[in-house]
>>> print(open('my_file.tsv').read())   # TSV, N, CA and C atoms
chain	number	residue	atom	x	y	z
A	1	MET	N	129.13	-188.99	162.91
A	1	MET	CA	129.48	-187.71	162.33
A	1	MET	C	128.56	-187.46	161.13
A	2	TYR	N	128.08	-186.24	161.03
A	2	TYR	CA	127.22	-185.82	159.92
A	2	TYR	C	127.95	-184.73	159.16
A	3	ARG	N	127.83	-184.79	157.84
A	3	ARG	CA	128.47	-183.76	157.02
A	3	ARG	C	127.75	-183.66	155.68
A	4	GLN	N	128.03	-182.56	154.99
A	4	GLN	CA	127.47	-182.40	153.66
A	4	GLN	C	128.13	-183.42	152.72
A	5	ALA	N	127.32	-184.01	151.89
A	5	ALA	CA	127.81	-185.02	150.96
A	5	ALA	C	128.58	-184.37	149.81
A	6	ASN	N	129.48	-185.14	149.22
A	6	ASN	CA	130.18	-184.69	148.02
A	6	ASN	C	130.21	-185.83	147.01
A	7	SER	N	130.68	-185.55	145.83
A	7	SER	CA	130.61	-186.53	144.75
A	7	SER	C	131.39	-187.81	145.04
A	8	SER	N	132.41	-187.75	145.88
A	8	SER	CA	133.15	-188.97	146.20
A	8	SER	C	132.32	-189.92	147.08
A	9	ASP	N	131.21	-189.42	147.65
A	9	ASP	CA	130.32	-190.24	148.47
A	9	ASP	C	129.30	-191.03	147.65
A	10	ILE	N	129.16	-190.71	146.39
A	10	ILE	CA	128.11	-191.31	145.57
A	10	ILE	C	128.17	-192.83	145.53
A	11	PRO	N	129.33	-193.46	145.35
A	11	PRO	CA	129.33	-194.93	145.35
A	11	PRO	C	128.78	-195.53	146.64
A	12	SER	N	129.13	-194.95	147.78
A	12	SER	CA	128.61	-195.45	149.06
A	12	SER	C	127.11	-195.21	149.18
A	13	MET	N	126.65	-194.04	148.76
A	13	MET	CA	125.23	-193.75	148.83
A	13	MET	C	124.45	-194.69	147.91
A	14	SER	N	124.96	-194.92	146.73
A	14	SER	CA	124.30	-195.82	145.80
A	14	SER	C	124.23	-197.24	146.36
A	15	ALA	N	125.31	-197.68	146.98
A	15	ALA	CA	125.32	-199.03	147.58
A	15	ALA	C	124.26	-199.15	148.68
A	16	ILE	N	124.11	-198.11	149.51
A	16	ILE	CA	123.08	-198.11	150.55
A	16	ILE	C	121.71	-198.16	149.89
A	17	ARG	N	121.50	-197.33	148.87
A	17	ARG	CA	120.20	-197.28	148.19
A	17	ARG	C	119.81	-198.64	147.64
A	18	LEU	N	120.78	-199.38	147.11
A	18	LEU	CA	120.50	-200.69	146.53
A	18	LEU	C	120.39	-201.80	147.57
A	19	ALA	N	120.80	-201.53	148.81
A	19	ALA	CA	120.80	-202.56	149.86
A	19	ALA	C	119.53	-202.57	150.71
A	20	VAL	N	118.71	-201.54	150.61
A	20	VAL	CA	117.54	-201.45	151.49
A	20	VAL	C	116.51	-202.52	151.17
A	21	ALA	N	115.76	-202.91	152.21
A	21	ALA	CA	114.75	-203.96	152.05
A	21	ALA	C	113.39	-203.40	151.63
A	22	GLU	N	113.12	-202.13	151.97
A	22	GLU	CA	111.88	-201.47	151.57
A	22	GLU	C	112.20	-200.39	150.56
A	23	ASN	N	111.20	-200.04	149.76
A	23	ASN	CA	111.38	-199.02	148.74
A	23	ASN	C	112.53	-199.39	147.81
A	24	THR	N	112.56	-200.66	147.44
A	24	THR	CA	113.59	-201.14	146.53
A	24	THR	C	113.32	-200.64	145.12
A	25	LEU	N	114.36	-200.50	144.36
A	25	LEU	CA	114.24	-200.07	142.98
A	25	LEU	C	113.95	-201.26	142.08
A	26	SER	N	112.85	-201.20	141.34
A	26	SER	CA	112.57	-202.28	140.40
A	26	SER	C	113.57	-202.26	139.25
A	27	ASP	N	114.09	-201.07	138.95
A	27	ASP	CA	115.10	-200.91	137.92
A	27	ASP	C	116.19	-199.99	138.46
A	28	PRO	N	117.27	-200.56	139.00
A	28	PRO	CA	118.33	-199.73	139.60
A	28	PRO	C	118.92	-198.69	138.64
A	29	ALA	N	118.81	-198.91	137.35
A	29	ALA	CA	119.34	-197.96	136.37
A	29	ALA	C	118.53	-196.66	136.36
A	30	ARG	N	117.35	-196.66	137.00
A	30	ARG	CA	116.52	-195.45	137.05
A	30	ARG	C	117.21	-194.32	137.82
A	31	ILE	N	118.01	-194.66	138.81
A	31	ILE	CA	118.73	-193.66	139.61
A	31	ILE	C	120.17	-193.64	139.13
A	32	THR	N	120.52	-192.57	138.44
A	32	THR	CA	121.83	-192.49	137.81
A	32	THR	C	122.82	-191.69	138.67
A	33	VAL	N	124.08	-191.86	138.36
A	33	VAL	CA	125.12	-191.06	139.01
A	33	VAL	C	124.87	-189.58	138.75
A	34	GLN	N	124.39	-189.26	137.56
A	34	GLN	CA	124.11	-187.86	137.24
A	34	GLN	C	123.02	-187.29	138.14
A	35	MET	N	122.03	-188.09	138.49
A	35	MET	CA	120.99	-187.62	139.41
A	35	MET	C	121.58	-187.29	140.77
A	36	TYR	N	122.46	-188.17	141.27
A	36	TYR	CA	123.13	-187.89	142.54
A	36	TYR	C	123.92	-186.58	142.43
A	37	GLU	N	124.66	-186.42	141.32
A	37	GLU	CA	125.46	-185.21	141.12
A	37	GLU	C	124.58	-183.97	141.07
A	38	ASP	N	123.48	-184.05	140.33
A	38	ASP	CA	122.60	-182.89	140.19
A	38	ASP	C	122.06	-182.43	141.53
A	39	TYR	N	121.69	-183.38	142.38
A	39	TYR	CA	121.15	-182.98	143.68
A	39	TYR	C	122.24	-182.47	144.61
A	40	LEU	N	123.48	-182.79	144.33
A	40	LEU	CA	124.59	-182.24	145.12
A	40	LEU	C	124.99	-180.86	144.65
A	41	GLU	N	124.97	-180.65	143.36
A	41	GLU	CA	125.58	-179.45	142.81
A	41	GLU	C	124.59	-178.45	142.21
A	42	LYS	N	123.48	-178.92	141.65
A	42	LYS	CA	122.61	-178.01	140.90
A	42	LYS	C	121.30	-177.69	141.62
A	43	SER	N	120.54	-178.71	141.98
A	43	SER	CA	119.19	-178.43	142.47
A	43	SER	C	118.97	-178.77	143.93
A	44	GLY	N	120.01	-179.19	144.62
A	44	GLY	CA	119.79	-179.56	146.00
A	44	GLY	C	121.06	-179.66	146.81
A	45	ARG	N	120.94	-180.44	147.86
A	45	ARG	CA	122.07	-180.69	148.75
A	45	ARG	C	121.88	-182.06	149.38
A	46	GLY	N	122.99	-182.70	149.68
A	46	GLY	CA	122.94	-184.00	150.34
A	46	GLY	C	123.79	-184.00	151.60
A	47	TRP	N	123.45	-184.91	152.50
A	47	TRP	CA	124.20	-185.11	153.74
A	47	TRP	C	124.41	-186.59	153.94
A	48	VAL	N	125.49	-186.92	154.62
A	48	VAL	CA	125.77	-188.31	154.97
A	48	VAL	C	126.01	-188.42	156.47
A	49	ALA	N	125.75	-189.62	156.97
A	49	ALA	CA	126.11	-189.97	158.35
A	49	ALA	C	127.22	-191.00	158.26
A	50	GLU	N	128.26	-190.80	159.04
A	50	GLU	CA	129.37	-191.73	159.08
A	50	GLU	C	129.46	-192.36	160.46
A	51	SER	N	129.82	-193.63	160.47
A	51	SER	CA	130.09	-194.35	161.70
A	51	SER	C	131.35	-195.17	161.49
A	52	LYS	N	132.33	-194.94	162.33
A	52	LYS	CA	133.61	-195.65	162.23
A	52	LYS	C	134.22	-195.52	160.83
A	53	GLY	N	134.11	-194.31	160.25
A	53	GLY	CA	134.70	-194.02	158.96
A	53	GLY	C	133.92	-194.54	157.76
A	54	GLU	N	132.75	-195.10	157.98
A	54	GLU	CA	131.94	-195.66	156.90
A	54	GLU	C	130.65	-194.85	156.77
A	55	ILE	N	130.25	-194.55	155.54
A	55	ILE	CA	128.97	-193.89	155.31
A	55	ILE	C	127.88	-194.91	155.54
A	56	VAL	N	126.95	-194.59	156.46
A	56	VAL	CA	125.91	-195.54	156.84
A	56	VAL	C	124.50	-195.05	156.52
A	57	ALA	N	124.38	-193.78	156.14
A	57	ALA	CA	123.07	-193.23	155.81
A	57	ALA	C	123.27	-191.95	155.02
A	58	PHE	N	122.23	-191.59	154.25
A	58	PHE	CA	122.30	-190.34	153.50
A	58	PHE	C	120.92	-189.77	153.27
A	59	CYS	N	120.90	-188.47	153.00
A	59	CYS	CA	119.65	-187.76	152.73
A	59	CYS	C	119.94	-186.71	151.67
A	60	TYR	N	118.99	-186.52	150.77
A	60	TYR	CA	119.07	-185.48	149.76
A	60	TYR	C	117.83	-184.60	149.83
A	61	ALA	N	118.02	-183.30	149.71
A	61	ALA	CA	116.92	-182.35	149.64
A	61	ALA	C	116.96	-181.67	148.28
A	62	ASP	N	115.79	-181.51	147.68
A	62	ASP	CA	115.64	-180.80	146.42
A	62	ASP	C	115.28	-179.36	146.75
A	63	GLY	N	116.22	-178.45	146.56
A	63	GLY	CA	116.01	-177.06	146.90
A	63	GLY	C	115.04	-176.34	146.00
A	64	GLU	N	114.85	-176.82	144.78
A	64	GLU	CA	113.92	-176.18	143.86
A	64	GLU	C	112.47	-176.57	144.15
A	65	LYS	N	112.25	-177.84	144.48
A	65	LYS	CA	110.90	-178.33	144.74
A	65	LYS	C	110.55	-178.37	146.22
A	66	SER	N	111.50	-178.00	147.06
A	66	SER	CA	111.32	-178.04	148.52
A	66	SER	C	110.82	-179.42	148.95
A	67	SER	N	111.59	-180.42	148.56
A	67	SER	CA	111.20	-181.80	148.88
A	67	SER	C	112.41	-182.62	149.29
A	68	ILE	N	112.10	-183.74	149.91
A	68	ILE	CA	113.14	-184.71	150.25
A	68	ILE	C	113.17	-185.73	149.11
A	69	TRP	N	114.28	-185.80	148.42
A	69	TRP	CA	114.43	-186.71	147.29
A	69	TRP	C	114.81	-188.11	147.77
A	70	ALA	N	115.59	-188.20	148.82
A	70	ALA	CA	116.04	-189.51	149.30
A	70	ALA	C	116.42	-189.44	150.76
A	71	LEU	N	116.12	-190.51	151.47
A	71	LEU	CA	116.57	-190.71	152.85
A	71	LEU	C	116.69	-192.21	153.05
A	72	PHE	N	117.92	-192.69	153.16
A	72	PHE	CA	118.16	-194.13	153.27
A	72	PHE	C	119.25	-194.42	154.29
A	73	VAL	N	119.05	-195.52	155.00
A	73	VAL	CA	119.98	-195.97	156.03
A	73	VAL	C	120.40	-197.40	155.69
A	74	SER	N	121.67	-197.67	155.83
A	74	SER	CA	122.17	-199.03	155.63
A	74	SER	C	121.40	-199.98	156.55
A	75	PRO	N	120.96	-201.13	156.03
A	75	PRO	CA	120.20	-202.06	156.88
A	75	PRO	C	120.89	-202.40	158.20
A	76	ALA	N	122.20	-202.47	158.20
A	76	ALA	CA	122.94	-202.82	159.42
A	76	ALA	C	122.92	-201.69	160.46
A	77	HIS	N	122.48	-200.49	160.07
A	77	HIS	CA	122.51	-199.33	160.96
A	77	HIS	C	121.14	-198.72	161.21
A	78	GLU	N	120.10	-199.44	160.85
A	78	GLU	CA	118.74	-198.95	161.09
A	78	GLU	C	118.48	-198.87	162.59
A	79	GLY	N	117.66	-197.91	162.98
A	79	GLY	CA	117.27	-197.78	164.38
A	79	GLY	C	118.28	-197.06	165.25
A	80	CYS	N	119.30	-196.47	164.66
A	80	CYS	CA	120.34	-195.78	165.43
A	80	CYS	C	120.15	-194.27	165.48
A	81	GLY	N	119.10	-193.76	164.85
A	81	GLY	CA	118.82	-192.33	164.88
A	81	GLY	C	119.42	-191.53	163.73
A	82	PHE	N	120.10	-192.20	162.82
A	82	PHE	CA	120.73	-191.47	161.71
A	82	PHE	C	119.69	-190.76	160.84
A	83	ALA	N	118.58	-191.44	160.55
A	83	ALA	CA	117.56	-190.86	159.67
A	83	ALA	C	116.96	-189.60	160.28
A	84	LYS	N	116.70	-189.61	161.57
A	84	LYS	CA	116.12	-188.44	162.24
A	84	LYS	C	117.02	-187.21	162.07
A	85	THR	N	118.29	-187.40	162.32
A	85	THR	CA	119.22	-186.26	162.24
A	85	THR	C	119.39	-185.79	160.81
A	86	LEU	N	119.54	-186.72	159.87
A	86	LEU	CA	119.70	-186.33	158.47
A	86	LEU	C	118.46	-185.59	157.96
A	87	LEU	N	117.28	-186.08	158.32
A	87	LEU	CA	116.05	-185.43	157.90
A	87	LEU	C	115.96	-184.03	158.48
A	88	ARG	N	116.34	-183.87	159.73
A	88	ARG	CA	116.32	-182.54	160.36
A	88	ARG	C	117.26	-181.58	159.62
A	89	LEU	N	118.47	-182.05	159.27
A	89	LEU	CA	119.41	-181.20	158.54
A	89	LEU	C	118.84	-180.76	157.21
A	90	ALA	N	118.20	-181.67	156.49
A	90	ALA	CA	117.64	-181.35	155.18
A	90	ALA	C	116.49	-180.37	155.30
A	91	VAL	N	115.60	-180.60	156.24
A	91	VAL	CA	114.44	-179.71	156.42
A	91	VAL	C	114.91	-178.32	156.85
A	92	GLU	N	115.84	-178.25	157.78
A	92	GLU	CA	116.35	-176.94	158.21
A	92	GLU	C	116.95	-176.18	157.03
A	93	TRP	N	117.69	-176.88	156.17
A	93	TRP	CA	118.30	-176.23	155.00
A	93	TRP	C	117.22	-175.69	154.07
A	94	LEU	N	116.18	-176.47	153.82
A	94	LEU	CA	115.10	-176.02	152.95
A	94	LEU	C	114.38	-174.81	153.54
A	95	PHE	N	114.16	-174.81	154.84
A	95	PHE	CA	113.54	-173.65	155.48
A	95	PHE	C	114.47	-172.43	155.41
A	96	GLU	N	115.76	-172.65	155.56
A	96	GLU	CA	116.72	-171.54	155.45
A	96	GLU	C	116.71	-170.93	154.05
A	97	LEU	N	116.38	-171.73	153.04
A	97	LEU	CA	116.28	-171.22	151.67
A	97	LEU	C	115.05	-170.33	151.49
A	98	GLY	N	114.14	-170.37	152.47
A	98	GLY	CA	112.94	-169.54	152.39
A	98	GLY	C	111.66	-170.30	152.10
A	99	HIS	N	111.74	-171.61	152.00
A	99	HIS	CA	110.52	-172.40	151.77
A	99	HIS	C	109.69	-172.45	153.05
A	100	ASP	N	108.37	-172.44	152.90
A	100	ASP	CA	107.46	-172.52	154.05
A	100	ASP	C	107.07	-173.95	154.38
A	101	CYS	N	107.23	-174.86	153.42
A	101	CYS	CA	106.88	-176.25	153.67
A	101	CYS	C	107.80	-177.17	152.87
A	102	VAL	N	107.88	-178.40	153.33
A	102	VAL	CA	108.70	-179.43	152.69
A	102	VAL	C	107.79	-180.62	152.42
A	103	ARG	N	107.98	-181.24	151.27
A	103	ARG	CA	107.16	-182.38	150.87
A	103	ARG	C	108.03	-183.62	150.65
A	104	LEU	N	107.38	-184.76	150.76
A	104	LEU	CA	108.01	-186.01	150.39
A	104	LEU	C	106.92	-187.04	150.16
A	105	SER	N	107.27	-188.15	149.55
A	105	SER	CA	106.32	-189.25	149.40
A	105	SER	C	107.05	-190.55	149.66
A	106	THR	N	106.27	-191.54	150.08
A	106	THR	CA	106.82	-192.87	150.36
A	106	THR	C	105.71	-193.90	150.19
A	107	GLY	N	106.07	-195.14	150.26
A	107	GLY	CA	105.07	-196.20	150.14
A	107	GLY	C	104.17	-196.26	151.36
A	108	ALA	N	102.87	-196.39	151.11
A	108	ALA	CA	101.91	-196.49	152.20
A	108	ALA	C	102.11	-197.80	152.96
A	109	GLY	N	101.98	-197.74	154.28
A	109	GLY	CA	102.08	-198.93	155.11
A	109	GLY	C	103.49	-199.44	155.35
A	110	THR	N	104.50	-198.68	154.98
A	110	THR	CA	105.89	-199.10	155.15
A	110	THR	C	106.45	-198.55	156.46
A	111	ARG	N	107.65	-199.00	156.81
A	111	ARG	CA	108.33	-198.44	157.98
A	111	ARG	C	108.57	-196.95	157.78
A	112	ALA	N	108.91	-196.56	156.54
A	112	ALA	CA	109.13	-195.14	156.25
A	112	ALA	C	107.86	-194.34	156.49
A	113	ASP	N	106.72	-194.89	156.10
A	113	ASP	CA	105.44	-194.24	156.33
A	113	ASP	C	105.25	-193.98	157.83
A	114	ARG	N	105.49	-194.98	158.63
A	114	ARG	CA	105.34	-194.83	160.08
A	114	ARG	C	106.40	-193.87	160.65
A	115	PHE	N	107.61	-193.91	160.11
A	115	PHE	CA	108.69	-193.04	160.56
A	115	PHE	C	108.33	-191.56	160.38
A	116	TYR	N	107.89	-191.19	159.18
A	116	TYR	CA	107.58	-189.78	158.93
A	116	TYR	C	106.42	-189.31	159.78
A	117	GLU	N	105.42	-190.15	159.95
A	117	GLU	CA	104.29	-189.77	160.79
A	117	GLU	C	104.75	-189.57	162.24
A	118	ALA	N	105.64	-190.44	162.72
A	118	ALA	CA	106.17	-190.33	164.08
A	118	ALA	C	107.03	-189.08	164.27
A	119	GLN	N	107.59	-188.57	163.17
A	119	GLN	CA	108.42	-187.36	163.24
A	119	GLN	C	107.59	-186.09	163.18
A	120	GLY	N	106.26	-186.24	163.11
A	120	GLY	CA	105.38	-185.08	163.12
A	120	GLY	C	104.99	-184.54	161.76
A	121	TRP	N	105.30	-185.27	160.69
A	121	TRP	CA	104.90	-184.86	159.36
A	121	TRP	C	103.40	-185.09	159.18
A	122	LEU	N	102.75	-184.23	158.40
A	122	LEU	CA	101.33	-184.36	158.11
A	122	LEU	C	101.13	-185.36	156.98
A	123	ARG	N	100.45	-186.45	157.29
A	123	ARG	CA	100.23	-187.55	156.33
A	123	ARG	C	99.05	-187.20	155.43
A	124	GLN	N	99.28	-187.35	154.11
A	124	GLN	CA	98.26	-187.04	153.12
A	124	GLN	C	98.15	-188.19	152.12
A	125	PRO	N	97.33	-189.21	152.43
A	125	PRO	CA	97.17	-190.32	151.47
A	125	PRO	C	96.66	-189.79	150.14
A	126	ASP	N	97.15	-190.38	149.05
A	126	ASP	CA	96.72	-189.90	147.74
A	126	ASP	C	95.88	-190.93	146.97
A	127	GLY	N	95.45	-191.99	147.65
A	127	GLY	CA	94.60	-192.98	147.00
A	127	GLY	C	95.35	-194.02	146.20
A	128	SER	N	96.67	-193.94	146.19
A	128	SER	CA	97.46	-194.93	145.48
A	128	SER	C	98.25	-195.75	146.50
A	129	SER	N	99.27	-196.41	146.04
A	129	SER	CA	100.11	-197.19	146.95
A	129	SER	C	101.13	-196.32	147.68
A	130	ASP	N	101.12	-195.01	147.38
A	130	ASP	CA	102.02	-194.07	148.03
A	130	ASP	C	101.24	-193.15	148.97
A	131	VAL	N	101.98	-192.49	149.83
A	131	VAL	CA	101.41	-191.49	150.71
A	131	VAL	C	102.33	-190.28	150.66
A	132	ASN	N	101.74	-189.09	150.65
A	132	ASN	CA	102.49	-187.86	150.65
A	132	ASN	C	102.55	-187.30	152.05
A	133	TYR	N	103.63	-186.60	152.34
A	133	TYR	CA	103.81	-185.96	153.63
A	133	TYR	C	104.17	-184.50	153.45
A	134	LEU	N	103.82	-183.71	154.44
A	134	LEU	CA	104.07	-182.28	154.42
A	134	LEU	C	104.57	-181.85	155.80
A	135	MET	N	105.61	-181.02	155.80
A	135	MET	CA	106.12	-180.42	157.03
A	135	MET	C	106.15	-178.92	156.80
A	136	THR	N	105.55	-178.18	157.71
A	136	THR	CA	105.54	-176.73	157.61
A	136	THR	C	106.38	-176.13	158.73
A	137	LYS	N	106.79	-174.89	158.51
A	137	LYS	CA	107.58	-174.17	159.53
A	137	LYS	C	106.82	-174.06	160.82
>>> encode(input="my_file.tsv", output="structure tokens")
Amino acid sequence: MYRQANSSDIPSMSAIRLAVAENTLSDPARITVQMYEDYLEKSGRGWVAESKGEIVAFCYADGEKSSIWALFVSPAHEGCGFAKTLLRLAVEWLFELGHDCVRLSTGAGTRADRFYEAQGWLRQPDGSSDVNYLMTK
């Protein structure tokens, strides 16, 4: 089941964010509860995927910057298609807002890097350890 995220989902989303093996946070305090709240209520929207009553993945879109702020899947639920659907929901919402393109960045050479390229995003290496992606209407 997929649905729009709400503030009661933040503890589950945070736990997923801290459990991932790639794109780990060197300082978990960098991502605050207020940031989750802001993307839910002020500058964006979030979605969650549930399986058997448990939140197993989430995605956030920044409506002001037309970007994907976060897309994470619980390690136990990787490869089940949750990320594809959540990403589609976020991109569709950003296009509905009137944006012509959506941006995101991730670590170069990671599973996420390969995932976005496989989803048809335009890969734009920036010469650092990250890579930028672009999706247009």
>>> residues_near_point(input="my_file.tsv", point="(113.5, -176.3, 147.6)", cutoff="12 Å", atoms="only C-alpha atoms", output="NGL selection string")
:A and (39 or 42-45 or 60-69 or 90-104)
>>> atom_distance(input="my_file.tsv", atom1="CA of Glu37 in chain A", atom2="atom N of Ala76 in chain A")
24.5 Å
>>> select_by_dssp(input="my_file.tsv", residues="range 10-44 of chain A", states="alpha helix (DSSP H)", output="PyMOL selection string")
chain A and resi 10-19+33-41
>>> closest_atom_pairs(input="my_file.tsv", of="range 17-109 of chain A", to="range 114-131 of chain A", cutoff="6 Å", atoms="only C-alpha atoms", output="CSV")
residue,atom,partner,partner_atom,distance
A:Ser105,CA,A:Val131,CA,5.6
A:Thr106,CA,A:Asp130,CA,5.5
A:Gly107,CA,A:Asp130,CA,4.3
A:Ala108,CA,A:Asp130,CA,4.8
>>> write_last_selection(input="my_file.tsv", atoms="N, CA and C atoms", output="compact mmCIF listing (two decimals), in the frame of the given file")
# COMPACT_ATOMS: atom_id res chain seq x y z
N SER A 105 107.27 -188.15 149.55
CA SER A 105 106.32 -189.25 149.40
C SER A 105 107.05 -190.55 149.66
N THR A 106 106.27 -191.54 150.08
CA THR A 106 106.82 -192.87 150.36
C THR A 106 105.71 -193.90 150.19
N GLY A 107 106.07 -195.14 150.26
CA GLY A 107 105.07 -196.20 150.14
C GLY A 107 104.17 -196.26 151.36
N ALA A 108 102.87 -196.39 151.11
CA ALA A 108 101.91 -196.49 152.20
C ALA A 108 102.11 -197.80 152.96
>>> axis_aligned_box(input="my_file.tsv", around="range 39-55 of chain A", padding_each_side="5 Å", output="JSON")
{"center_x": 126.8, "center_y": -186.7, "center_z": 151.6, "size_x": 25.7, "size_y": 28.0, "size_z": 31.4}
>>> closest_residue(input="my_file.tsv", among="A:Ala29, A:Ile10, A:Ile16, A:Ala112", to="Phe72 in chain A", atoms="only N, CA and C atoms")
A:Ile16
>>> select_by_dssp(input="my_file.tsv", residues="range 4-110 of chain A", states="strand (DSSP E or B)", output="mmCIF file with N, CA and C atoms, in the frame of the given file")
data_model
loop_
_atom_site.group_PDB
_atom_site.id
_atom_site.type_symbol
_atom_site.label_atom_id
_atom_site.label_comp_id
_atom_site.auth_asym_id
_atom_site.auth_seq_id
_atom_site.Cartn_x
_atom_site.Cartn_y
_atom_site.Cartn_z
ATOM 1 N N GLN A 4 128.030 -182.560 154.990
ATOM 2 C CA GLN A 4 127.470 -182.400 153.660
ATOM 3 C C GLN A 4 128.130 -183.420 152.720
ATOM 4 N N GLY A 44 120.010 -179.190 144.620
ATOM 5 C CA GLY A 44 119.790 -179.560 146.000
ATOM 6 C C GLY A 44 121.060 -179.660 146.810
ATOM 7 N N ARG A 45 120.940 -180.440 147.860
ATOM 8 C CA ARG A 45 122.070 -180.690 148.750
ATOM 9 C C ARG A 45 121.880 -182.060 149.380
ATOM 10 N N GLY A 46 122.990 -182.700 149.680
ATOM 11 C CA GLY A 46 122.940 -184.000 150.340
ATOM 12 C C GLY A 46 123.790 -184.000 151.600
ATOM 13 N N TRP A 47 123.450 -184.910 152.500
ATOM 14 C CA TRP A 47 124.200 -185.110 153.740
ATOM 15 C C TRP A 47 124.410 -186.590 153.940
ATOM 16 N N VAL A 48 125.490 -186.920 154.620
ATOM 17 C CA VAL A 48 125.770 -188.310 154.970
ATOM 18 C C VAL A 48 126.010 -188.420 156.470
ATOM 19 N N ALA A 49 125.750 -189.620 156.970
ATOM 20 C CA ALA A 49 126.110 -189.970 158.350
ATOM 21 C C ALA A 49 127.220 -191.000 158.260
ATOM 22 N N GLU A 50 128.260 -190.800 159.040
ATOM 23 C CA GLU A 50 129.370 -191.730 159.080
ATOM 24 C C GLU A 50 129.460 -192.360 160.460
ATOM 25 N N SER A 51 129.820 -193.630 160.470
ATOM 26 C CA SER A 51 130.090 -194.350 161.700
ATOM 27 C C SER A 51 131.350 -195.170 161.490
ATOM 28 N N GLU A 54 132.750 -195.100 157.980
ATOM 29 C CA GLU A 54 131.940 -195.660 156.900
ATOM 30 C C GLU A 54 130.650 -194.850 156.770
ATOM 31 N N ILE A 55 130.250 -194.550 155.540
ATOM 32 C CA ILE A 55 128.970 -193.890 155.310
ATOM 33 C C ILE A 55 127.880 -194.910 155.540
ATOM 34 N N VAL A 56 126.950 -194.590 156.460
ATOM 35 C CA VAL A 56 125.910 -195.540 156.840
ATOM 36 C C VAL A 56 124.500 -195.050 156.520
ATOM 37 N N ALA A 57 124.380 -193.780 156.140
ATOM 38 C CA ALA A 57 123.070 -193.230 155.810
ATOM 39 C C ALA A 57 123.270 -191.950 155.020
ATOM 40 N N PHE A 58 122.230 -191.590 154.250
ATOM 41 C CA PHE A 58 122.300 -190.340 153.500
ATOM 42 C C PHE A 58 120.920 -189.770 153.270
ATOM 43 N N CYS A 59 120.900 -188.470 153.000
ATOM 44 C CA CYS A 59 119.650 -187.760 152.730
ATOM 45 C C CYS A 59 119.940 -186.710 151.670
ATOM 46 N N TYR A 60 118.990 -186.520 150.770
ATOM 47 C CA TYR A 60 119.070 -185.480 149.760
ATOM 48 C C TYR A 60 117.830 -184.600 149.830
ATOM 49 N N ALA A 61 118.020 -183.300 149.710
ATOM 50 C CA ALA A 61 116.920 -182.350 149.640
ATOM 51 C C ALA A 61 116.960 -181.670 148.280
ATOM 52 N N ASP A 62 115.790 -181.510 147.680
ATOM 53 C CA ASP A 62 115.640 -180.800 146.420
ATOM 54 C C ASP A 62 115.280 -179.360 146.750
ATOM 55 N N SER A 67 111.590 -180.420 148.560
ATOM 56 C CA SER A 67 111.200 -181.800 148.880
ATOM 57 C C SER A 67 112.410 -182.620 149.290
ATOM 58 N N ILE A 68 112.100 -183.740 149.910
ATOM 59 C CA ILE A 68 113.140 -184.710 150.250
ATOM 60 C C ILE A 68 113.170 -185.730 149.110
ATOM 61 N N TRP A 69 114.280 -185.800 148.420
ATOM 62 C CA TRP A 69 114.430 -186.710 147.290
ATOM 63 C C TRP A 69 114.810 -188.110 147.770
ATOM 64 N N ALA A 70 115.590 -188.200 148.820
ATOM 65 C CA ALA A 70 116.040 -189.510 149.300
ATOM 66 C C ALA A 70 116.420 -189.440 150.760
ATOM 67 N N LEU A 71 116.120 -190.510 151.470
ATOM 68 C CA LEU A 71 116.570 -190.710 152.850
ATOM 69 C C LEU A 71 116.690 -192.210 153.050
ATOM 70 N N PHE A 72 117.920 -192.690 153.160
ATOM 71 C CA PHE A 72 118.160 -194.130 153.270
ATOM 72 C C PHE A 72 119.250 -194.420 154.290
ATOM 73 N N VAL A 73 119.050 -195.520 155.000
ATOM 74 C CA VAL A 73 119.980 -195.970 156.030
ATOM 75 C C VAL A 73 120.400 -197.400 155.690
ATOM 76 N N CYS A 101 107.230 -174.860 153.420
ATOM 77 C CA CYS A 101 106.880 -176.250 153.670
ATOM 78 C C CYS A 101 107.800 -177.170 152.870
ATOM 79 N N VAL A 102 107.880 -178.400 153.330
ATOM 80 C CA VAL A 102 108.700 -179.430 152.690
ATOM 81 C C VAL A 102 107.790 -180.620 152.420
ATOM 82 N N ARG A 103 107.980 -181.240 151.270
ATOM 83 C CA ARG A 103 107.160 -182.380 150.870
ATOM 84 C C ARG A 103 108.030 -183.620 150.650
ATOM 85 N N LEU A 104 107.380 -184.760 150.760
ATOM 86 C CA LEU A 104 108.010 -186.010 150.390
ATOM 87 C C LEU A 104 106.920 -187.040 150.160
ATOM 88 N N SER A 105 107.270 -188.150 149.550
ATOM 89 C CA SER A 105 106.320 -189.250 149.400
ATOM 90 C C SER A 105 107.050 -190.550 149.660
ATOM 91 N N THR A 106 106.270 -191.540 150.080
ATOM 92 C CA THR A 106 106.820 -192.870 150.360
ATOM 93 C C THR A 106 105.710 -193.900 150.190
ATOM 94 N N GLY A 107 106.070 -195.140 150.260
ATOM 95 C CA GLY A 107 105.070 -196.200 150.140
ATOM 96 C C GLY A 107 104.170 -196.260 151.360
#
>>> closest_residue(input="my_file.tsv", among="A:Val33, A:Cys59, A:Val73, A:Met135", to="Leu87 in chain A", atoms="all atoms listed in the file")
A:Cys59
>>> atom_distance(input="my_file.tsv", atom1="atom C of Trp47 in chain A", atom2="atom N of Phe82 in chain A")
11.4 Å
>>> atom_distance(input="my_file.tsv", atom1="CA of Pro11 in chain A", atom2="CA of Arg30 in chain A")
15.3 Å
>>> closest_residue(input="my_file.tsv", among="A:Met1, A:Ser7, A:Val48, A:Val56", to="Tyr36 in chain A", atoms="only N, CA and C atoms")
A:Ser7
